[in-house]
Structure formats: structure tokens, C-alpha cells
file protein11.cif (mmCIF, C-alpha atoms)
data_target
loop_
_atom_site.label_atom_id
_atom_site.label_comp_id
_atom_site.auth_asym_id
_atom_site.auth_seq_id
_atom_site.Cartn_x
_atom_site.Cartn_y
_atom_site.Cartn_z
CA MET R 9 -44.76 -9.07 -29.88
CA ALA R 10 -48.26 -7.72 -29.17
CA ARG R 11 -49.91 -5.48 -31.75
CA LEU R 12 -50.71 -1.87 -31.12
CA THR R 13 -54.47 -1.99 -30.90
CA SER R 14 -55.33 1.52 -29.80
CA GLN R 15 -56.89 4.03 -32.11
CA ASP R 16 -54.34 6.38 -33.64
CA GLY R 17 -55.83 9.34 -31.87
CA GLU R 18 -55.45 7.70 -28.48
CA ARG R 19 -51.97 6.44 -28.98
CA ILE R 20 -49.17 8.12 -27.09
CA ASP R 21 -46.38 9.91 -28.89
CA PRO R 22 -43.65 7.26 -29.46
CA ALA R 23 -41.02 9.87 -28.60
CA GLU R 24 -42.57 10.11 -25.14
CA VAL R 25 -42.33 6.33 -24.70
CA GLY R 26 -38.71 6.61 -25.84
CA ARG R 27 -38.08 9.09 -23.05
CA TRP R 28 -39.68 6.72 -20.54
CA PHE R 29 -37.42 3.96 -21.76
CA ARG R 30 -34.30 6.07 -21.32
CA GLN R 31 -35.40 7.17 -17.88
CA TYR R 32 -36.86 3.96 -16.46
CA GLY R 33 -35.52 1.19 -18.72
CA GLY R 34 -32.54 0.41 -16.48
CA PRO R 35 -34.42 0.11 -13.18
CA LEU R 36 -37.22 -1.80 -14.91
CA ARG R 37 -34.75 -4.27 -16.38
CA SER R 38 -33.18 -4.88 -12.96
CA PHE R 39 -36.62 -5.17 -11.37
CA LEU R 40 -37.71 -7.72 -13.97
CA LEU R 41 -34.52 -9.68 -13.47
CA GLY R 42 -35.30 -9.79 -9.77
CA VAL R 43 -38.84 -10.99 -10.44
CA THR R 44 -38.06 -13.58 -13.10
CA SER R 45 -34.49 -14.65 -12.20
CA ASP R 46 -34.12 -15.21 -15.92
CA PRO R 47 -32.36 -12.68 -18.17
CA GLU R 48 -34.26 -13.77 -21.28
CA ALA R 49 -37.64 -13.65 -19.59
CA ALA R 50 -36.72 -10.27 -18.11
CA GLU R 51 -35.79 -8.90 -21.52
CA GLU R 52 -38.97 -10.29 -23.04
CA ALA R 53 -41.06 -8.73 -20.28
CA LEU R 54 -39.25 -5.41 -20.72
CA GLN R 55 -40.08 -5.36 -24.43
CA ALA R 56 -43.69 -6.26 -23.65
CA THR R 57 -43.86 -3.51 -21.01
CA PHE R 58 -42.93 -0.84 -23.50
CA THR R 59 -45.19 -2.31 -26.15
CA ARG R 60 -47.95 -2.01 -23.58
CA ALA R 61 -46.82 1.54 -22.87
CA MET R 62 -47.26 2.35 -26.56
CA GLU R 63 -50.76 0.89 -26.44
CA ALA R 64 -52.00 2.25 -23.17
CA GLY R 65 -49.47 4.81 -22.00
CA HIS R 66 -51.99 7.58 -22.57
CA THR R 67 -54.02 6.22 -19.64
CA ALA R 68 -51.11 6.65 -17.22
CA ARG R 69 -50.94 9.74 -15.04
CA ALA R 70 -47.70 11.66 -14.95
CA ASP R 71 -47.52 11.65 -11.14
CA THR R 72 -47.91 7.87 -10.92
CA LEU R 73 -46.15 6.93 -14.13
CA LYS R 74 -43.30 5.02 -12.48
CA GLY R 75 -45.70 2.90 -10.44
CA TRP R 76 -47.77 2.29 -13.56
CA LEU R 77 -44.71 1.05 -15.46
CA PHE R 78 -43.65 -1.20 -12.58
CA ARG R 79 -47.16 -2.65 -12.37
CA VAL R 80 -47.26 -3.34 -16.09
CA ALA R 81 -43.76 -4.81 -15.91
CA TYR R 82 -44.74 -7.12 -13.06
CA ASN R 83 -47.78 -8.36 -14.96
CA GLU R 84 -45.71 -8.93 -18.09
CA ALA R 85 -43.13 -10.80 -16.01
CA MET R 86 -45.86 -13.08 -14.69
CA LEU R 87 -47.04 -13.73 -18.24
CA ALA R 88 -43.47 -14.40 -19.40
CA GLY R 89 -42.97 -16.65 -16.37
CA ARG R 90 -46.00 -18.73 -17.32
CA LYS R 91 -44.61 -19.22 -20.80
CA ARG R 92 -41.22 -20.28 -19.57
CA GLN R 93 -40.13 -22.85 -17.09
CA ARG R 94 -39.55 -20.76 -14.00
CA ARG R 95 -35.97 -21.00 -12.84
CA ASP R 96 -35.00 -21.41 -9.24
CA ARG R 97 -33.85 -18.22 -7.70
CA SER R 98 -30.10 -18.06 -7.63
CA LEU R 99 -28.08 -15.07 -6.54
CA LYS R 100 -25.05 -16.58 -8.18
CA ARG R 101 -26.81 -16.64 -11.54
CA LEU R 102 -28.02 -13.10 -11.04
CA ALA R 103 -24.53 -12.00 -10.12
CA GLU R 104 -23.21 -13.53 -13.31
CA THR R 105 -25.79 -11.85 -15.54
CA PRO R 106 -24.27 -8.94 -17.48
CA LEU R 107 -25.24 -5.63 -15.95
CA SER R 108 -26.07 -4.14 -19.29
CA GLU R 109 -25.71 -5.45 -22.79
CA SER R 110 -26.27 -2.09 -24.42
CA ALA R 111 -23.91 0.00 -22.34
CA THR R 112 -21.57 2.50 -23.99
CA PRO R 113 -17.80 2.17 -23.42
CA GLU R 114 -18.03 5.02 -20.88
CA GLU R 115 -20.86 3.27 -19.04
CA LEU R 116 -18.93 0.00 -19.06
CA ALA R 117 -15.87 1.73 -17.64
CA SER R 118 -18.02 3.26 -14.93
CA LEU R 119 -19.61 -0.14 -14.19
CA GLN R 120 -16.22 -1.76 -13.91
CA GLU R 121 -15.14 0.94 -11.52
CA SER R 122 -18.26 0.38 -9.40
CA ILE R 123 -17.67 -3.35 -9.34
CA ARG R 124 -14.09 -2.88 -8.21
CA GLU R 125 -15.18 -0.48 -5.51
CA VAL R 126 -17.98 -2.73 -4.26
CA ARG R 127 -15.51 -5.59 -3.96
CA GLU R 128 -13.19 -3.36 -1.96
CA ARG R 129 -16.10 -2.41 0.28
CA ILE R 130 -16.85 -6.08 0.87
CA ASP R 131 -13.23 -6.56 1.88
CA ASP R 132 -13.68 -3.73 4.38
CA LEU R 133 -16.61 -5.43 6.10
CA PRO R 134 -16.03 -7.12 9.46
CA ALA R 135 -14.87 -10.70 8.96
CA GLU R 136 -18.06 -12.30 10.28
CA GLN R 137 -20.17 -10.24 7.87
CA GLN R 138 -17.84 -10.99 4.96
CA VAL R 139 -18.25 -14.71 5.56
CA VAL R 140 -22.04 -14.47 5.39
CA VAL R 141 -21.99 -12.25 2.28
CA ARG R 142 -19.55 -14.50 0.44
CA LYS R 143 -21.39 -17.69 1.31
CA ARG R 144 -24.76 -16.20 0.36
CA ILE R 145 -23.77 -14.40 -2.84
CA TYR R 146 -20.85 -16.36 -4.23
CA GLU R 147 -21.58 -19.84 -2.92
CA ASP R 148 -25.36 -19.44 -3.13
CA LYS R 149 -25.97 -21.07 0.23
CA THR R 150 -29.18 -20.42 2.09
CA PHE R 151 -29.10 -18.55 5.40
CA LYS R 152 -30.10 -21.78 7.12
CA VAL R 153 -27.10 -23.65 5.71
CA ILE R 154 -24.78 -20.74 6.50
CA SER R 155 -26.08 -20.70 10.04
CA GLU R 156 -25.18 -24.38 10.40
CA GLU R 157 -21.77 -23.91 8.81
CA VAL R 158 -20.68 -20.96 10.92
CA GLY R 159 -22.31 -22.37 14.03
CA ALA R 160 -24.33 -19.25 14.72
CA PRO R 161 -28.07 -18.88 15.23
CA LEU R 162 -30.09 -18.06 12.13
CA GLY R 163 -31.06 -14.68 13.57
CA THR R 164 -27.39 -13.76 13.97
CA VAL R 165 -26.62 -14.73 10.39
CA LEU R 166 -29.56 -12.66 9.15
CA THR R 167 -28.43 -9.72 11.25
CA ARG R 168 -24.91 -9.94 9.83
CA MET R 169 -26.20 -10.05 6.26
CA ARG R 170 -28.52 -7.18 6.92
CA ALA R 171 -25.76 -5.11 8.48
CA ALA R 172 -23.48 -5.78 5.51
CA LEU R 173 -26.22 -4.82 3.05
CA ALA R 174 -26.93 -1.66 5.01
CA LYS R 175 -23.31 -0.58 4.68
CA LEU R 176 -23.16 -1.37 0.98
CA HIS R 177 -26.50 0.36 0.34
CA ARG R 178 -25.37 3.42 2.24
CA TRP R 179 -22.09 3.52 0.38
CA LEU R 180 -23.80 3.14 -3.01
CA ALA R 181 -26.28 5.88 -2.15
CA ASP R 182 -23.43 8.20 -1.15
CA LYS R 183 -21.63 7.34 -4.35
CA ASP R 184 -24.71 8.11 -6.45
CA ARG R 185 -25.07 11.48 -4.74
CA VAL R 186 -21.43 12.31 -5.50
CA ASP R 187 -21.79 11.14 -9.11
CA GLU R 188 -24.88 13.30 -9.63
CA ARG R 189 -23.04 16.48 -8.59
CA MET W 19 -38.37 -19.39 5.70
CA SER W 20 -39.02 -16.25 7.64
CA VAL W 21 -36.39 -13.58 7.25
CA GLU W 22 -37.69 -11.58 10.17
CA ASN W 23 -35.15 -11.14 12.90
CA ASN W 24 -35.60 -9.61 16.27
CA ASN W 25 -33.04 -6.89 16.01
CA PRO W 26 -33.21 -5.53 12.50
CA ALA W 27 -32.48 -1.89 13.13
CA GLY W 28 -30.01 -2.20 15.98
CA GLU W 29 -26.95 -4.29 15.22
CA ALA W 30 -28.00 -4.61 11.64
CA GLY W 31 -27.56 -0.92 10.98
CA GLU W 32 -30.21 1.06 9.19
CA LEU W 33 -31.23 -1.05 6.25
CA ALA W 34 -34.85 -0.26 5.52
CA GLU W 35 -37.28 -3.12 5.98
CA THR W 36 -38.29 -2.77 2.33
CA ASP W 37 -34.67 -3.13 1.17
CA TRP W 38 -34.22 -6.19 3.35
CA LEU W 39 -37.41 -7.82 2.09
CA ALA W 40 -36.39 -7.03 -1.49
CA PHE W 41 -33.05 -8.73 -0.98
CA ALA W 42 -34.71 -11.74 0.64
CA TYR W 43 -37.17 -11.92 -2.27
CA VAL W 44 -34.40 -11.77 -4.87
CA ALA W 45 -32.46 -14.38 -2.92
CA GLY W 46 -35.50 -16.67 -2.83
CA GLU W 47 -35.64 -16.57 0.95
CA LEU W 48 -39.24 -15.42 1.20
CA ASP W 49 -42.10 -17.84 1.36
CA GLY W 50 -45.62 -18.24 2.71
CA ARG W 51 -47.32 -15.13 3.99
CA GLU W 52 -44.22 -12.96 3.61
CA LEU W 53 -43.89 -13.84 -0.06
CA GLU W 54 -47.59 -13.33 -0.68
CA GLU W 55 -47.61 -9.92 0.94
CA TRP W 56 -44.45 -8.87 -0.83
CA THR W 57 -45.57 -9.92 -4.29
CA SER W 58 -48.89 -8.16 -3.83
CA ARG W 59 -46.93 -4.95 -3.20
CA LEU W 60 -45.03 -5.54 -6.43
CA ALA W 61 -48.21 -6.35 -8.33
CA ASP W 62 -49.71 -3.08 -7.09
CA GLY W 63 -46.76 -1.23 -8.55
CA GLU W 64 -45.63 0.10 -5.18
CA VAL W 65 -42.68 2.18 -6.30
CA GLU W 66 -40.60 1.80 -3.13
CA ALA W 67 -40.88 -1.99 -3.18
CA CYS W 68 -40.20 -2.25 -6.91
CA GLU W 69 -37.23 0.08 -6.75
CA SER W 70 -35.86 -1.92 -3.82
CA VAL W 71 -35.99 -5.08 -5.94
CA ALA W 72 -34.12 -3.30 -8.74
CA ALA W 73 -31.55 -1.99 -6.25
CA ALA W 74 -31.07 -5.46 -4.71
CA VAL W 75 -30.43 -6.95 -8.14
CA GLU W 76 -27.96 -4.21 -9.03
CA LEU W 77 -26.16 -4.63 -5.72
CA VAL W 78 -25.84 -8.38 -6.15
CA GLN W 79 -24.58 -7.90 -9.69
CA SER W 80 -22.06 -5.29 -8.60
CA MET W 81 -20.70 -7.68 -6.01
CA SER W 82 -19.34 -10.11 -8.49
CA ASN W 83 -20.16 -9.22 -12.04
CA THR W 84 -17.78 -8.01 -14.66
CA PRO W 85 -19.15 -6.50 -17.84
CA SER W 86 -16.25 -7.48 -20.08
CA VAL W 87 -16.24 -10.72 -22.03
CA ALA W 88 -12.73 -11.72 -21.06
CA THR W 89 -13.52 -11.79 -17.38
CA ASP W 90 -16.73 -13.76 -17.87
CA ALA W 91 -14.53 -16.82 -17.82
CA VAL W 92 -13.24 -15.82 -14.43
CA PRO W 93 -15.55 -16.42 -11.48
CA GLY W 94 -16.51 -13.27 -9.62
CA HIS W 95 -14.68 -14.18 -6.52
CA MET W 96 -11.72 -16.43 -6.11
CA SER W 97 -9.76 -17.04 -3.02
CA GLY W 98 -6.00 -16.70 -3.24
CA ARG W 99 -5.72 -20.45 -3.13
CA ASP W 100 -8.08 -20.85 -6.10
CA SER W 101 -6.08 -18.32 -8.10
CA ARG W 102 -2.83 -20.08 -7.33
CA TRP W 103 -4.24 -23.43 -8.37
CA ARG W 104 -5.52 -21.98 -11.60
CA PHE W 105 -2.14 -20.43 -12.31
CA VAL W 106 -0.36 -23.70 -11.59
CA ALA W 107 -2.81 -25.56 -13.84
CA ALA W 108 -2.29 -23.03 -16.65
CA ALA W 109 1.49 -23.26 -16.28
CA ALA W 110 1.31 -27.06 -16.32
CA LEU W 111 -0.80 -26.89 -19.46
CA CYS W 112 1.72 -24.62 -21.18
CA LEU W 113 4.58 -26.88 -20.18
CA SER W 114 2.85 -30.02 -21.39
CA LEU W 115 2.10 -28.28 -24.69
CA VAL W 116 5.78 -27.53 -25.13
CA VAL W 117 6.71 -31.09 -24.23
CA VAL W 118 4.17 -32.53 -26.68
CA LEU W 119 5.39 -30.26 -29.47
CA SER W 120 8.97 -31.19 -28.72
CA TRP W 121 8.13 -34.88 -28.66
CA GLN W 122 6.28 -34.60 -31.95
CA SER W 123 9.15 -32.76 -33.52
CA SER W 124 11.65 -35.42 -32.52
CA HIS W 125 9.44 -38.17 -34.00
CA GLN W 126 8.59 -36.59 -37.35
CA PRO W 127 10.55 -37.05 -40.55
CA ALA W 128 12.58 -34.04 -41.64
CA GLY W 129 10.76 -33.86 -44.99
CA LYS W 130 7.55 -32.85 -43.31
CA LEU W 131 8.99 -29.66 -41.95
CA ALA W 132 8.29 -27.15 -44.67
CA GLY W 133 4.89 -25.47 -44.58
CA ASP W 134 3.88 -27.17 -41.36
CA VAL W 135 3.31 -25.26 -38.16
CA THR W 136 4.88 -28.01 -36.10
CA GLY W 137 7.78 -27.78 -38.48
CA VAL W 138 8.78 -24.65 -36.60
CA SER W 139 9.35 -26.69 -33.50
CA VAL W 140 11.19 -29.29 -35.49
CA ALA W 141 13.36 -26.76 -37.18
CA MET W 142 14.35 -25.30 -33.86
CA ASP W 143 16.42 -27.34 -31.57
CA ASP W 144 14.23 -28.71 -28.78
CA ASP W 145 16.54 -27.34 -26.14
CA VAL W 146 16.48 -23.89 -27.70
CA LEU W 147 12.70 -23.94 -27.73
CA LEU W 148 12.45 -25.10 -24.18
CA SER W 149 15.03 -22.67 -22.92
CA SER W 150 13.45 -19.80 -24.85
CA TRP W 151 10.19 -20.65 -23.12
CA THR W 152 11.61 -20.97 -19.66
CA ASP W 153 13.95 -17.98 -20.04
CA GLY W 154 11.14 -15.87 -21.40
CA THR W 155 13.06 -15.07 -24.58
CA ALA W 156 10.95 -13.95 -27.47
CA PRO W 157 10.75 -16.16 -30.56
CA GLU W 158 12.44 -13.36 -32.49
CA ASP W 159 15.58 -13.95 -30.43
CA VAL W 160 15.70 -17.46 -31.75
CA GLU W 161 14.65 -16.65 -35.27
CA GLY W 162 17.81 -14.82 -36.12
CA GLY W 163 19.99 -17.72 -35.05
CA GLU W 164 19.69 -21.38 -35.69
CA GLU W 165 16.27 -21.20 -37.31
CA SER W 166 17.44 -18.87 -40.03
CA ALA W 167 20.37 -21.07 -40.67
CA VAL W 168 18.20 -24.14 -41.06
CA MET W 169 15.52 -22.49 -43.20
CA GLY W 170 17.78 -20.30 -45.25
CA GLY W 171 16.87 -17.02 -43.53
CA GLU W 172 13.16 -17.24 -44.37
CA PRO W 173 10.80 -16.29 -41.58
CA LEU W 174 9.67 -19.53 -40.01
CA VAL W 175 6.57 -18.40 -38.27
CA ALA W 176 3.78 -16.44 -39.82
CA GLU W 177 2.72 -13.50 -37.71
CA THR W 178 -0.68 -15.07 -37.13
CA ASP W 179 0.98 -18.14 -35.62
CA LEU W 180 2.43 -15.94 -32.91
CA VAL W 181 -0.93 -14.69 -31.73
CA VAL W 182 -1.23 -15.50 -28.07
CA PRO W 183 -4.22 -17.75 -27.45
CA GLU W 184 -7.02 -16.40 -25.29
CA TRP W 185 -6.62 -19.08 -22.62
CA MET W 186 -3.04 -17.98 -22.10
CA LEU W 187 -4.13 -14.36 -21.65
CA VAL W 188 -6.62 -15.56 -19.06
CA ALA W 189 -3.86 -17.49 -17.31
CA VAL W 190 -1.63 -14.42 -17.26
CA ALA W 191 -4.48 -12.26 -16.03
CA LEU W 192 -5.14 -14.75 -13.27
CA SER W 193 -1.53 -14.82 -12.24
CA SER W 194 -1.30 -11.04 -12.08
CA GLU W 195 -4.54 -11.00 -10.08
CA THR W 196 -2.92 -13.43 -7.67
CA ILE W 197 0.15 -11.25 -7.35
CA GLU W 198 -1.97 -8.16 -6.79
CA GLY W 199 -3.99 -10.04 -4.22
CA GLU W 200 -0.87 -11.09 -2.39
CA ASP W 201 0.55 -7.58 -2.45
CA LYS W 202 -2.45 -6.25 -0.54
#
call {"tool": "encode", "arguments": {"input": "protein11.cif", "output": "C-alpha cells"}}
result
Amino acid sequence: MARLTSQDGERIDPAEVGRWFRQYGGPLRSFLLGVTSDPEAAEEALQATFTRAMEAGHTARADTLKGWLFRVAYNEAMLAGRKRQRRDRSLKRLAETPLSESATPEELASLQESIREVRERIDDLPAEQQVVVRKRIYEDKTFKVISEEVGAPLGTVLTRMRAALAKLHRWLADKDRVDER
Amino acid sequence: MSVENNNPAGEAGELAETDWLAFAYVAGELDGRELEEWTSRLADGEVEACESVAAAVELVQSMSNTPSVATDAVPGHMSGRDSRWRFVAAAALCLSLVVVLSWQSSHQPAGKLAGDVTGVSVAMDDDVLLSSWTDGTAPEDVEGGEESAVMGGEPLVAETDLVVPEWMLVAVALSSETIEGEDK
């Protein structure tokens, strides 16, 4: 882990960094998982991001803090990626990565509920969209291969996937709004 | 490959271009100029792009992940046929275990019974064991009968020996999942 090199006077209050972690740690972890496709590298980069925040967080502006953290996280992910053998991107592997290792029992229960509901939503999709989603997410086939398998043009397969994602995104957004109330 | 399609906002609903690119990036479907442009947005810390990547990851995980340890052994999605095959395989495994135990019991000398786990099977009549398994009768039902007579009323099986192995729980969970799936 990198050392804190800033002068004491310039260093940010650790409690403030703790608040950032609580607020942005989850999205940053998911973001890093998306960038690295490697849970260990993502965790390493997350740690390094907040170490960096301790060192240089005082230079961040409140109105652009989130972007600052994402930028630092991306750079740390690139560094972590150079240290490790970069894995091929695999949605299947991502799907099998635990959503959160530090979740409370209540959070786990809520996650399980979300997972069950998302699966039900997938079942509600039109059959042709379900096929594309299942082949892409669960069987990890590329859109090109799926297009050959279902005998549809690539553009049609992409449109089906995009339509399915739109529905799931919309549903998740609605759900978040309800949960926040 | 290019993930651009000609009709993104029409048939495809209203998925924002950023969300679509984020999904394609996470799925490894971006390359060349598209990938370069996208990663430069991430490197710049563009909040919308970065949040879209996080959302794409969370969506993919929600599609098939299960946070509990027990279900890690179960693939995120299984077709009904897969579930049935797994159930049949688990049942076959249980049955062969019973057969092996029964066979061992019938080929071991009586003196080896005491203090040996397999001695339980030997002490019980093979038919009783098999029928208790197939009838679903609990071991306690058998304990009070022939077993007690053979072993002088002493409990034959330590409580820890009756702990159901994890693989059997998984098999039962799979079978109930199959039944639930078929009920729908």
C-alpha cells in the first residue's frame, strides 16, 4: 500500500475520506470491476483509490468530487492491470462475482430480493429478447455468435439486447426510486 | 466489433447511448476507435460514463448472482432440463451410497461392528435400511426396533453422524427449485 506522503497540515480529515467511502465505495467497486474484470484487481484498485484520497483528497473540489474519485480509480485500475495478467472480459465471471463481501444481513436479504426480481423480469421479456440475454450473459457468447445461432442479422441481435437492457434499467431505476421513498 | 446499430432508440426502447456503450465495454464488445473513445471518457472521470459502467456491472451481477455461499455451487441459470438431470444424478448418488454401504455391511465380519460408523448399517438389516430410505422413514423409527435389540438399547448413531451432508442439501434445494419451476 502506498505511503501517505502529504504534509500533515495538507492532509484531509480521515473521517471525511470515510464518508466518501460510505457514499461512493459501492459504485466505485462496481466501476473498477467493470474496468478490470478481476475482483482482486478491483479490490486492490479500490484500496489504492482511497489511499490516494487520503494523500491528495484536499485537492479535490466538492462539486467535482465524484468525477475526481472515478478518475483516480481508473488510473489505479490501469496500474493494477499492469501488475496483473489482464483477464479476458467475461460477463459470466462478472455475474458470478459476489455483489458485496461486506454486506450486512439486511443488505444481503435486499440483494437476494433484487436478484429474484431481476430474474422474474428477464422471464417477462419477449422470447426473442430472452434468448439474446441468456446467451450473452449466461452462456457468454458474443453478439456475432448469437447472431449466427439465432439466424438473425447482427443489428437485430444488438437491438434485442439493447431493448432488454432498456427495460431492466428502467425497472431498476423505478425500483430505486420506490426504495428511496 | 462495432456495437452501433441503426435503430438504437426506436425498437430498442430508450436505453441511453452511454448505458449501451457501458454494457458493450463491460461485455468486451468494444474495440478500435469506439474502445479508445470510451476509455478516454473513463480516464477523464466523466461521471455519467463511469456510473454507467458501475450500473452495467451491477445489472449483470443481479441477473445471475446469488450472495449466499450455498447457492454459489448452483449456476445462476439452469434450464428445467438441467435441474432435472442434476436431481436425477443426486438421487443416483444417494442410492449408490446406500447400495455400497449395504454391500460393505454384508461383507464385513460381525466383530467389527462396535464403534464403527459402518457398523450401524451392519447392525440394521439391509432391507430395513433400504426401505427406511425409500419410504422416507427417519432413522429414529428404526432405532427403537431391531437396532436396539441388536445393540442392547444403546443409541447406535451419534448425533453428529446424522448431520445431513451439504451436497445432499444442495440436491434437495435443486429438486425443490425444479418443482417450483414446473409449478410456474
call {"tool": "closest_residue", "arguments": {"input": "protein11.cif", "among": "W:Leu33, W:Leu48, W:Leu39, W:Leu77", "to": "chain R", "atoms": "only C-alpha atoms"}}
result
W:Leu33
call {"tool": "atom_distance", "arguments": {"input": "protein11.cif", "atom1": "atom CA of W:Glu47", "atom2": "atom CA of W:Ala34"}}
result
17.0 Å
call {"tool": "atom_distance", "arguments": {"input": "protein11.cif", "atom1": "atom CA of W:Trp38", "atom2": "atom CA of R:Arg144"}}
result
14.1 Å
call {"tool": "atom_distance", "arguments": {"input": "protein11.cif", "atom1": "atom CA of R:Glu156", "atom2": "atom CA of R:Val126"}}
result
27.1 Å
call {"tool": "closest_residue", "arguments": {"input": "protein11.cif", "among": "W:Met81, W:Val44, W:Glu32, W:Val71", "to": "W:Arg59", "atoms": "all atoms listed in the file"}}
result
W:Val71
